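One file, my_file.cif, carrying mmCIF, C-alpha atoms:
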```cif
data_structure
#
loop_
_atom_site.label_atom_id
_atom_site.label_comp_id
_atom_site.auth_asym_id
_atom_site.auth_seq_id
_atom_site.Cartn_x
_atom_site.Cartn_y
_atom_site.Cartn_z
CA MET A 15 44.70 2.80 45.61
CA ARG A 16 42.08 5.53 45.34
CA PRO A 17 41.01 7.44 48.48
CA ARG A 18 38.15 5.79 50.32
CA PRO A 19 35.61 8.59 49.61
CA THR A 20 36.32 8.31 45.87
CA ARG A 21 35.90 4.53 45.95
CA PHE A 22 32.61 4.89 47.83
CA LEU A 23 31.26 7.39 45.31
CA LEU A 24 32.30 5.29 42.32
CA ALA A 25 30.72 2.24 43.95
CA CYS A 26 27.39 4.07 43.79
CA GLY A 27 27.53 3.39 40.05
CA LEU A 28 27.68 -0.34 40.73
CA ALA A 29 24.39 -0.14 42.63
CA VAL A 30 22.49 1.81 39.94
CA PRO A 31 21.39 -1.12 37.74
CA ALA A 32 21.07 -3.54 40.65
CA LEU A 33 18.59 -1.30 42.46
CA PHE A 34 16.62 0.15 39.58
CA LEU A 35 16.29 -2.96 37.43
CA GLY A 36 15.87 -5.18 40.48
CA VAL A 37 12.83 -3.20 41.63
CA VAL A 38 11.38 -2.93 38.12
CA LEU A 39 11.64 -6.68 37.52
CA ALA A 40 10.44 -7.71 40.97
CA GLU A 41 7.51 -5.29 41.12
CA GLY A 42 6.57 -6.05 37.52
CA ALA A 43 6.35 -9.75 38.31
CA LEU A 44 4.33 -9.26 41.50
CA ARG A 45 1.81 -6.57 40.55
CA PRO A 46 -1.68 -7.89 39.77
CA GLY A 47 -2.85 -6.79 36.33
CA TYR A 48 0.55 -5.48 35.28
CA GLU A 49 2.05 -6.98 32.10
CA PRO A 50 5.84 -6.40 32.15
CA LEU A 51 6.30 -7.10 28.44
CA HIS A 52 3.66 -4.58 27.40
CA ARG A 53 3.96 -1.88 30.08
CA PHE A 54 6.58 0.76 30.74
CA GLY A 55 8.42 0.51 34.04
CA SER A 56 7.27 3.97 35.09
CA GLU A 57 3.67 2.70 35.24
CA LEU A 58 4.69 0.83 38.38
CA ALA A 59 4.57 4.23 40.13
CA LEU A 60 0.77 4.04 39.88
CA GLY A 61 -1.58 2.22 42.22
CA GLU A 62 -1.38 1.36 45.90
CA ARG A 63 2.23 0.22 45.71
CA GLY A 64 3.27 3.06 43.45
CA TRP A 65 5.40 4.54 46.24
CA VAL A 66 7.87 1.67 45.74
CA MET A 67 8.68 2.72 42.18
CA THR A 68 8.70 6.39 43.14
CA ALA A 69 11.26 5.66 45.85
CA ASN A 70 13.22 3.57 43.35
CA PHE A 71 13.47 6.48 40.92
CA ILE A 72 14.64 8.88 43.62
CA ALA A 73 17.07 6.48 45.33
CA THR A 74 18.65 5.49 42.01
CA GLY A 75 18.94 9.16 41.08
CA VAL A 76 20.80 9.86 44.32
CA LEU A 77 23.16 6.97 43.55
CA ALA A 78 23.78 8.41 40.08
CA LEU A 79 24.61 11.79 41.64
CA GLY A 80 27.09 10.04 43.92
CA PHE A 81 28.63 8.34 40.90
CA ALA A 82 28.91 11.75 39.22
CA LEU A 83 30.94 13.03 42.18
CA GLY A 84 33.12 9.94 41.92
CA LEU A 85 33.72 10.65 38.22
CA ARG A 86 34.68 14.22 39.10
CA ARG A 87 37.38 12.91 41.42
CA ALA A 88 38.53 10.04 39.20
CA LEU A 89 38.73 11.95 35.91
CA ALA A 90 40.06 15.27 37.19
CA GLY A 91 42.70 16.83 34.98
CA GLY A 92 42.10 14.70 31.90
CA PRO A 93 39.77 14.55 28.86
CA GLY A 94 36.15 14.59 29.97
CA GLY A 95 37.08 15.57 33.52
CA ALA A 96 34.39 18.27 33.57
CA ALA A 97 31.86 17.03 31.00
CA ALA A 98 31.47 13.46 32.29
CA PRO A 99 30.51 14.38 35.89
CA ALA A 100 28.10 17.05 34.62
CA LEU A 101 26.36 14.60 32.28
CA ALA A 102 26.18 11.93 34.98
CA ALA A 103 24.66 14.48 37.36
CA LEU A 104 22.05 15.45 34.76
CA PHE A 105 21.26 11.77 34.29
CA GLY A 106 20.74 11.41 38.05
CA LEU A 107 18.52 14.49 38.21
CA CYS A 108 16.37 13.05 35.43
CA LEU A 109 15.87 9.89 37.47
CA ILE A 110 14.76 11.95 40.46
CA THR A 111 12.43 13.94 38.21
CA GLY A 112 10.90 10.69 36.99
CA GLY A 113 10.05 9.84 40.58
CA LEU A 114 8.66 13.25 41.53
CA PHE A 115 6.47 13.50 38.43
CA THR A 116 4.56 10.27 37.87
CA THR A 117 3.17 9.17 34.54
CA ASP A 118 -0.53 9.33 33.78
CA PRO A 119 -2.44 6.01 33.91
CA GLU A 120 -3.26 4.19 30.70
CA PRO A 121 -6.24 1.90 30.04
CA GLY A 122 -5.97 -1.41 31.88
CA TYR A 123 -3.54 -0.44 34.62
CA PRO A 124 -4.06 0.12 37.45
CA GLU A 125 -7.38 -1.68 37.33
CA GLY A 126 -10.24 0.77 37.67
CA ALA A 127 -8.01 3.85 37.46
CA ALA A 128 -9.53 6.87 35.74
CA VAL A 129 -7.64 7.80 32.58
CA PRO A 130 -7.48 11.61 32.22
CA ALA A 131 -8.99 13.05 29.06
CA GLU A 132 -6.03 15.43 28.78
CA PRO A 133 -2.46 14.90 30.02
CA THR A 134 -1.83 16.24 33.50
CA LEU A 135 1.12 18.47 34.37
CA HIS A 136 2.78 15.51 36.10
CA GLY A 137 2.24 13.35 33.05
CA MET A 138 3.61 15.95 30.62
CA VAL A 139 6.78 16.47 32.67
CA HIS A 140 7.28 12.72 32.98
CA ASP A 141 6.75 12.17 29.24
CA ALA A 142 9.28 14.89 28.38
CA ASN A 143 11.84 13.61 30.87
CA PRO A 144 13.24 10.78 28.68
CA VAL A 145 14.71 13.34 26.26
CA PRO A 146 17.34 14.77 28.65
CA PHE A 147 17.61 11.36 30.35
CA TYR A 148 18.76 9.54 27.22
CA LEU A 149 20.68 12.46 25.75
CA SER A 150 22.78 12.76 28.91
CA LEU A 151 23.40 9.01 29.08
CA THR A 152 24.37 8.80 25.40
CA ALA A 153 26.61 11.87 25.63
CA LEU A 154 28.27 10.46 28.75
CA ALA A 155 29.13 7.27 26.86
CA CYS A 156 30.63 9.36 24.04
CA VAL A 157 32.72 11.45 26.43
CA LEU A 158 34.09 8.39 28.20
CA ALA A 159 34.79 6.71 24.86
CA ARG A 160 37.12 9.62 24.10
CA ARG A 161 38.70 9.39 27.54
CA PHE A 162 39.33 5.66 27.26
CA ALA A 163 40.72 6.12 23.75
CA ALA A 164 43.39 8.44 25.22
CA GLU A 165 44.47 5.77 27.71
CA PRO A 166 47.17 3.24 26.82
CA GLY A 167 45.38 -0.05 26.14
CA GLY A 168 41.98 1.59 26.48
CA ARG A 169 40.71 0.82 22.97
CA PRO A 170 38.39 -2.07 24.02
CA TRP A 171 36.71 0.14 26.60
CA ALA A 172 36.44 2.99 24.11
CA LEU A 173 34.68 0.63 21.69
CA TYR A 174 32.36 -0.58 24.46
CA CYS A 175 31.42 3.02 25.29
CA ALA A 176 30.83 3.80 21.61
CA ALA A 177 28.65 0.69 21.19
CA THR A 178 26.61 1.71 24.23
CA ALA A 179 26.20 5.23 22.85
CA ALA A 180 24.70 3.66 19.72
CA ALA A 181 22.61 0.93 21.37
CA VAL A 182 20.89 3.11 23.98
CA PRO A 183 19.04 5.46 21.58
CA VAL A 184 18.31 2.65 19.12
CA THR A 185 16.63 0.40 21.71
CA PHE A 186 14.76 3.38 23.14
CA ALA A 187 13.48 4.25 19.66
CA ILE A 188 12.27 0.67 19.20
CA ALA A 189 10.39 0.77 22.50
CA ALA A 190 8.85 4.13 21.64
CA ALA A 191 7.82 2.94 18.18
CA LEU A 192 6.01 -0.06 19.64
CA HIS A 193 3.89 2.19 21.86
CA ASP A 194 1.02 4.25 20.46
CA PRO A 195 0.67 7.36 22.66
CA ASP A 196 -2.65 8.34 21.05
CA ALA A 197 -4.25 4.98 21.75
CA ALA A 198 -2.24 4.65 25.01
CA SER A 199 -1.41 1.05 24.17
CA GLY A 200 1.23 -1.08 22.50
CA THR A 201 2.94 -4.45 22.45
CA PHE A 202 6.38 -5.46 23.70
CA HIS A 203 7.46 -1.89 24.37
CA GLY A 204 7.96 -2.93 28.00
CA LEU A 205 10.38 -5.66 26.93
CA TRP A 206 12.43 -3.30 24.78
CA GLN A 207 12.52 -0.69 27.52
CA ARG A 208 13.97 -3.25 29.91
CA ILE A 209 16.56 -4.26 27.30
CA ASN A 210 17.39 -0.59 26.90
CA LEU A 211 17.78 -0.05 30.65
CA ALA A 212 19.91 -3.17 31.02
CA ILE A 213 22.30 -1.87 28.34
CA GLY A 214 22.54 1.69 29.65
CA LEU A 215 22.53 1.08 33.39
CA GLY A 216 24.70 -2.01 33.03
CA TRP A 217 27.27 0.11 31.22
CA ILE A 218 27.36 2.55 34.15
CA ALA A 219 28.12 -0.32 36.52
CA ALA A 220 30.82 -1.65 34.18
CA VAL A 221 32.52 1.76 34.02
CA ALA A 222 32.31 2.11 37.78
CA HIS A 223 33.97 -1.28 38.20
CA ARG A 224 36.69 -0.35 35.70
CA LEU A 225 37.49 2.89 37.51
CA LEU A 226 37.50 1.14 40.88
CA ARG A 227 39.86 -1.52 39.58
CA SER A 228 42.50 0.85 38.25
CA PRO A 229 42.74 4.58 37.54
CA LEU A 230 42.73 5.98 34.05
CA GLU A 231 46.08 7.26 32.87
CA ALA A 232 46.02 9.24 29.67
CA ALA A 233 48.94 8.67 27.29
CA PRO A 234 51.78 11.10 28.15
CA PRO A 235 52.25 13.96 25.70
CA ALA A 236 55.16 13.69 23.32
CA ALA A 237 56.60 16.95 24.63
CA ALA A 238 57.32 15.31 27.97
CA ALA A 239 59.82 13.00 26.28
CA SER A 240 61.73 15.79 24.53
CA GLU A 241 62.81 18.00 27.44
CA PRO A 242 66.29 19.45 26.99
CA ALA A 243 69.16 17.64 28.65
CA GLY A 244 70.71 19.32 31.64
CA PRO A 245 73.23 18.65 34.38
CA CYS A 246 72.29 16.18 37.06
CA PRO A 247 72.10 18.13 40.34
CA LEU A 248 74.46 17.15 43.10
CA GLY A 249 72.99 14.66 45.50
CA SER A 250 70.38 13.33 42.98
CA SER A 251 70.33 10.19 40.88
CA GLY A 252 68.64 9.35 37.60
CA ALA A 253 66.46 6.42 36.75
CA ASP A 254 69.44 4.53 35.31
CA GLY A 255 71.52 4.87 38.49
CA ASP A 256 73.60 8.00 37.78
CA ARG A 257 75.85 8.77 40.71
CA PRO A 258 75.78 12.19 42.38
CA GLY A 259 77.88 14.70 40.53
CA THR A 260 77.78 12.97 37.12
CA PRO A 261 78.73 15.58 34.49
CA SER A 262 76.09 16.77 32.07
CA GLY A 263 75.94 15.03 28.73
CA PRO A 264 73.93 12.47 26.85
CA ARG A 265 73.89 10.11 29.84
CA SER A 266 72.66 12.71 32.31
CA GLY A 267 70.04 13.91 29.80
CA ARG A 268 68.61 10.38 29.65
CA SER A 269 68.53 10.30 33.42
CA GLY A 270 66.51 13.50 33.62
CA ARG A 271 63.99 12.10 31.18
CA GLY A 272 63.64 8.98 33.30
CA LEU A 273 62.75 11.11 36.33
CA ASP A 274 60.00 12.86 34.38
CA GLU A 275 58.57 9.54 33.36
#
```

How does the structure come out when it is put into structure tokens?
Amino acid sequence: MRPRPTRFLLACGLAVPALFLGVVLAEGALRPGYEPLHRFGSELALGERGWVMTANFIATGVLALGFALGLRRALAGGPGGAAAPALAALFGLCLITGGLFTTDPEPGYPEGAAVPAEPTLHGMVHDANPVPFYLSLTALACVLARRFAAEPGGRPWALYCAATAAAVPVTFAIAAALHDPDAASGTFHGLWQRINLAIGLGWIAAVAHRLLRSPLEAAPPAAAASEPAGPCPLGSSGADGDRPGTPSGPRSGRSGRGLDE
């Protein structure tokens, strides 16, 4: 059983898709004049109720930072023990940045909003933010694919991580291709962005659940199984039930290896 603080921090990853996607879907369905299939989720940060999406960005980013701390505890001492928490933290900071720097309005939403002739500073920062956002998420999936591959029986999870690392940039590219930034319009880019977020954020929740369920244990190095045989100390017993004082030899060497295992 993991320590309670570690479990709490990992559980933050479970809440990431529930909160972020829940708000995006609910607000997108309730906002007058907003077309979820043809609008990016970040456009919900505009208008009178824009504060809801802004708070969603920031709160989800804080949850991602908590998950990063949980990864630091859960993966310490193994492959990806340093890279994975750093990438998850960068991912969380990008979410917070998306909330602090809102996108510029596009024609049609919010109704009556003035569309700036040139991008504002807020808009330029927001538009550049997806680059580190998706790079960090994709790299995190690659790092954890390597970590799962080193775990006995971890091949299915390694493949899931690798598939996510491929699907996230592909679905993002589709959404971006369906949107014309010069004309500030497009069709179905909102749908593909939501598919993209469901894949990426859902993967974070799945990994959090996996780490909460059982710890990762990398395959033991071969050197650990080839330690030289030695005498069994008095008053100790091996894994196969050696009695205290058993002379050194092949039997006692097997016992010492059992203790290391």

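Shell of segment 147-164 of chain A at 7 Å, with all atoms listed in the file counted and residues fewer than 2 places along the chain excluded, is Pro93, Gly94, Ala98, Leu101, Ala102, Leu104, Phe105, Cys108, Asn143, Pro144, Val145, Pro166, Gly168, Arg169, Trp171, Ala172, Leu173, Cys175, Ala176, Thr178, Ala179, Val182, Pro183, Ala232 and Ala233 of chain A.
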
(message) Once the PyMOL selection byres ((chain A and resi 200-214) around 6) is applied to the coordinates I shared, what remains selected? I want it as a list in words.
(response)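 On this input, the PyMOL selection byres ((chain A and resi 200-214) around 6) captures Pro50, Leu51, His52, Arg53, Phe54, Val182, Thr185, Ala189, Leu192, His193, Asp194, Ser199, Leu215, Gly216 and Trp217 of chain A.
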
Using C-alpha atoms, can you export the residues from the last selection as a compact mmCIF listing (two decimals), in the coordinates of the input?
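The result, stored in out.txt:
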```
# COMPACT_ATOMS: atom_id res chain seq x y z
CA PRO A 50 5.84 -6.40 32.15
CA LEU A 51 6.30 -7.10 28.44
CA HIS A 52 3.66 -4.58 27.40
CA ARG A 53 3.96 -1.88 30.08
CA PHE A 54 6.58 0.76 30.74
CA VAL A 182 20.89 3.11 23.98
CA THR A 185 16.63 0.40 21.71
CA ALA A 189 10.39 0.77 22.50
CA LEU A 192 6.01 -0.06 19.64
CA HIS A 193 3.89 2.19 21.86
CA ASP A 194 1.02 4.25 20.46
CA SER A 199 -1.41 1.05 24.17
CA LEU A 215 22.53 1.08 33.39
CA GLY A 216 24.70 -2.01 33.03
CA TRP A 217 27.27 0.11 31.22
```

(request) Choose the residue, out of A:Leu24, A:Leu58, A:Leu39, A:Ala197, that has the smallest atom-to-atom separation from Gly84 of chain A; count all atoms listed in the file. (result)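 For Gly84 of chain A, the nearest of the candidates is A:Leu24.
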
(request) Name the residues that the PyMOL selection byres ((chain A and resi 136) around 12) picks from the file above, as a PyMOL selection string, using the file's chain letters and numbers. (result) chain A and resi 111-119+130+132-135+137-143

(request) Please identify all polymer residues within 12 Å of Thr68 of chain A, counting only C-alpha atoms, omitting same-chain residues fewer than 4 positions from it, and present them as number ranges by chain. (result) A: 34, 37-38, 41, 55-64, 72-75, 109-117

(request) Go through A:His223, A:Pro229, A:Asp196, A:Leu33 one by one, measure the shortest atom-to-atom distance of each to Ala69 of chain A using all atoms listed in the file, and give the residue with the smallest value. (result)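 Counting all atoms listed in the file, the residue closest to Ala69 of chain A is A:Leu33.
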
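From atom CA of Ala88 of chain A back to atom CA of Leu23 of chain A, the distance works out to 9.9 Å.
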
If the box runs along x, y and z of the file and leaves 3 Å on each side of segment 183-187 of chain A, what are its centre and edge lengths in Å, one decimal, as lines of an AutoDock Vina configuration file?
```
center_x = 16.3
center_y = 2.9
center_z = 21.1
size_x = 11.6
size_y = 11.1
size_z = 10.0
```

Mind filling out segment 82-102 of chain A with N, CA, C and O atoms and sending it as a PDB file, in the frame of the given file?
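File produced: out-v9.pdb:
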```pdb
ATOM      1  N   ALA A  82      28.404  10.557  39.898  1.00  0.00           N
ATOM      2  CA  ALA A  82      28.910  11.750  39.220  1.00  0.00           C
ATOM      3  C   ALA A  82      30.028  12.407  40.024  1.00  0.00           C
ATOM      4  O   ALA A  82      31.038  12.845  39.456  1.00  0.00           O
ATOM      5  N   LEU A  83      29.868  12.470  41.335  1.00  0.00           N
ATOM      6  CA  LEU A  83      30.940  13.030  42.180  1.00  0.00           C
ATOM      7  C   LEU A  83      32.185  12.153  42.118  1.00  0.00           C
ATOM      8  O   LEU A  83      33.308  12.655  42.126  1.00  0.00           O
ATOM      9  N   GLY A  84      31.980  10.835  42.048  1.00  0.00           N
ATOM     10  CA  GLY A  84      33.120   9.940  41.920  1.00  0.00           C
ATOM     11  C   GLY A  84      33.850  10.152  40.601  1.00  0.00           C
ATOM     12  O   GLY A  84      35.082  10.130  40.560  1.00  0.00           O
ATOM     13  N   LEU A  85      33.091  10.366  39.511  1.00  0.00           N
ATOM     14  CA  LEU A  85      33.720  10.650  38.220  1.00  0.00           C
ATOM     15  C   LEU A  85      34.510  11.952  38.287  1.00  0.00           C
ATOM     16  O   LEU A  85      35.593  12.062  37.703  1.00  0.00           O
ATOM     17  N   ARG A  86      33.982  12.929  38.992  1.00  0.00           N
ATOM     18  CA  ARG A  86      34.680  14.220  39.100  1.00  0.00           C
ATOM     19  C   ARG A  86      36.047  14.045  39.755  1.00  0.00           C
ATOM     20  O   ARG A  86      37.029  14.670  39.363  1.00  0.00           O
ATOM     21  N   ARG A  87      36.104  13.169  40.749  1.00  0.00           N
ATOM     22  CA  ARG A  87      37.380  12.910  41.420  1.00  0.00           C
ATOM     23  C   ARG A  87      38.293  12.040  40.555  1.00  0.00           C
ATOM     24  O   ARG A  87      39.496  12.263  40.471  1.00  0.00           O
ATOM     25  N   ALA A  88      37.714  11.022  39.921  1.00  0.00           N
ATOM     26  CA  ALA A  88      38.530  10.040  39.200  1.00  0.00           C
ATOM     27  C   ALA A  88      39.070  10.568  37.886  1.00  0.00           C
ATOM     28  O   ALA A  88      40.134  10.146  37.438  1.00  0.00           O
ATOM     29  N   LEU A  89      38.337  11.488  37.237  1.00  0.00           N
ATOM     30  CA  LEU A  89      38.730  11.950  35.910  1.00  0.00           C
ATOM     31  C   LEU A  89      39.342  13.339  35.922  1.00  0.00           C
ATOM     32  O   LEU A  89      39.607  13.908  34.854  1.00  0.00           O
ATOM     33  N   ALA A  90      39.564  13.900  37.088  1.00  0.00           N
ATOM     34  CA  ALA A  90      40.060  15.270  37.190  1.00  0.00           C
ATOM     35  C   ALA A  90      41.373  15.432  36.433  1.00  0.00           C
ATOM     36  O   ALA A  90      42.266  14.590  36.512  1.00  0.00           O
ATOM     37  N   GLY A  91      41.464  16.511  35.657  1.00  0.00           N
ATOM     38  CA  GLY A  91      42.700  16.830  34.980  1.00  0.00           C
ATOM     39  C   GLY A  91      42.905  16.151  33.644  1.00  0.00           C
ATOM     40  O   GLY A  91      43.939  16.333  33.011  1.00  0.00           O
ATOM     41  N   GLY A  92      41.947  15.384  33.172  1.00  0.00           N
ATOM     42  CA  GLY A  92      42.100  14.700  31.900  1.00  0.00           C
ATOM     43  C   GLY A  92      40.920  14.957  30.987  1.00  0.00           C
ATOM     44  O   GLY A  92      39.979  15.683  31.346  1.00  0.00           O
ATOM     45  N   PRO A  93      40.901  14.379  29.783  1.00  0.00           N
ATOM     46  CA  PRO A  93      39.770  14.550  28.860  1.00  0.00           C
ATOM     47  C   PRO A  93      38.458  14.095  29.514  1.00  0.00           C
ATOM     48  O   PRO A  93      38.384  13.029  30.109  1.00  0.00           O
ATOM     49  N   GLY A  94      37.441  14.921  29.400  1.00  0.00           N
ATOM     50  CA  GLY A  94      36.150  14.590  29.970  1.00  0.00           C
ATOM     51  C   GLY A  94      36.048  14.814  31.457  1.00  0.00           C
ATOM     52  O   GLY A  94      35.023  14.477  32.064  1.00  0.00           O
ATOM     53  N   GLY A  95      37.076  15.391  32.069  1.00  0.00           N
ATOM     54  CA  GLY A  95      37.080  15.570  33.520  1.00  0.00           C
ATOM     55  C   GLY A  95      35.981  16.480  34.022  1.00  0.00           C
ATOM     56  O   GLY A  95      35.565  16.371  35.188  1.00  0.00           O
ATOM     57  N   ALA A  96      35.488  17.376  33.186  1.00  0.00           N
ATOM     58  CA  ALA A  96      34.390  18.270  33.570  1.00  0.00           C
ATOM     59  C   ALA A  96      33.062  17.814  32.960  1.00  0.00           C
ATOM     60  O   ALA A  96      32.025  17.853  33.616  1.00  0.00           O
ATOM     61  N   ALA A  97      33.096  17.389  31.688  1.00  0.00           N
ATOM     62  CA  ALA A  97      31.860  17.030  31.000  1.00  0.00           C
ATOM     63  C   ALA A  97      31.224  15.765  31.560  1.00  0.00           C
ATOM     64  O   ALA A  97      30.004  15.700  31.746  1.00  0.00           O
ATOM     65  N   ALA A  98      32.024  14.734  31.826  1.00  0.00           N
ATOM     66  CA  ALA A  98      31.470  13.460  32.290  1.00  0.00           C
ATOM     67  C   ALA A  98      30.715  13.592  33.611  1.00  0.00           C
ATOM     68  O   ALA A  98      29.586  13.106  33.724  1.00  0.00           O
ATOM     69  N   PRO A  99      31.288  14.230  34.644  1.00  0.00           N
ATOM     70  CA  PRO A  99      30.510  14.380  35.890  1.00  0.00           C
ATOM     71  C   PRO A  99      29.238  15.197  35.691  1.00  0.00           C
ATOM     72  O   PRO A  99      28.207  14.888  36.297  1.00  0.00           O
ATOM     73  N   ALA A 100      29.288  16.242  34.849  1.00  0.00           N
ATOM     74  CA  ALA A 100      28.100  17.050  34.620  1.00  0.00           C
ATOM     75  C   ALA A 100      26.994  16.235  33.952  1.00  0.00           C
ATOM     76  O   ALA A 100      25.814  16.328  34.331  1.00  0.00           O
ATOM     77  N   LEU A 101      27.356  15.426  32.966  1.00  0.00           N
ATOM     78  CA  LEU A 101      26.360  14.600  32.280  1.00  0.00           C
ATOM     79  C   LEU A 101      25.792  13.523  33.201  1.00  0.00           C
ATOM     80  O   LEU A 101      24.594  13.234  33.169  1.00  0.00           O
ATOM     81  N   ALA A 102      26.651  12.933  34.021  1.00  0.00           N
ATOM     82  CA  ALA A 102      26.180  11.930  34.980  1.00  0.00           C
ATOM     83  C   ALA A 102      25.239  12.557  36.002  1.00  0.00           C
ATOM     84  O   ALA A 102      24.251  11.934  36.413  1.00  0.00           O
TER      85      ALA A 102
END
```
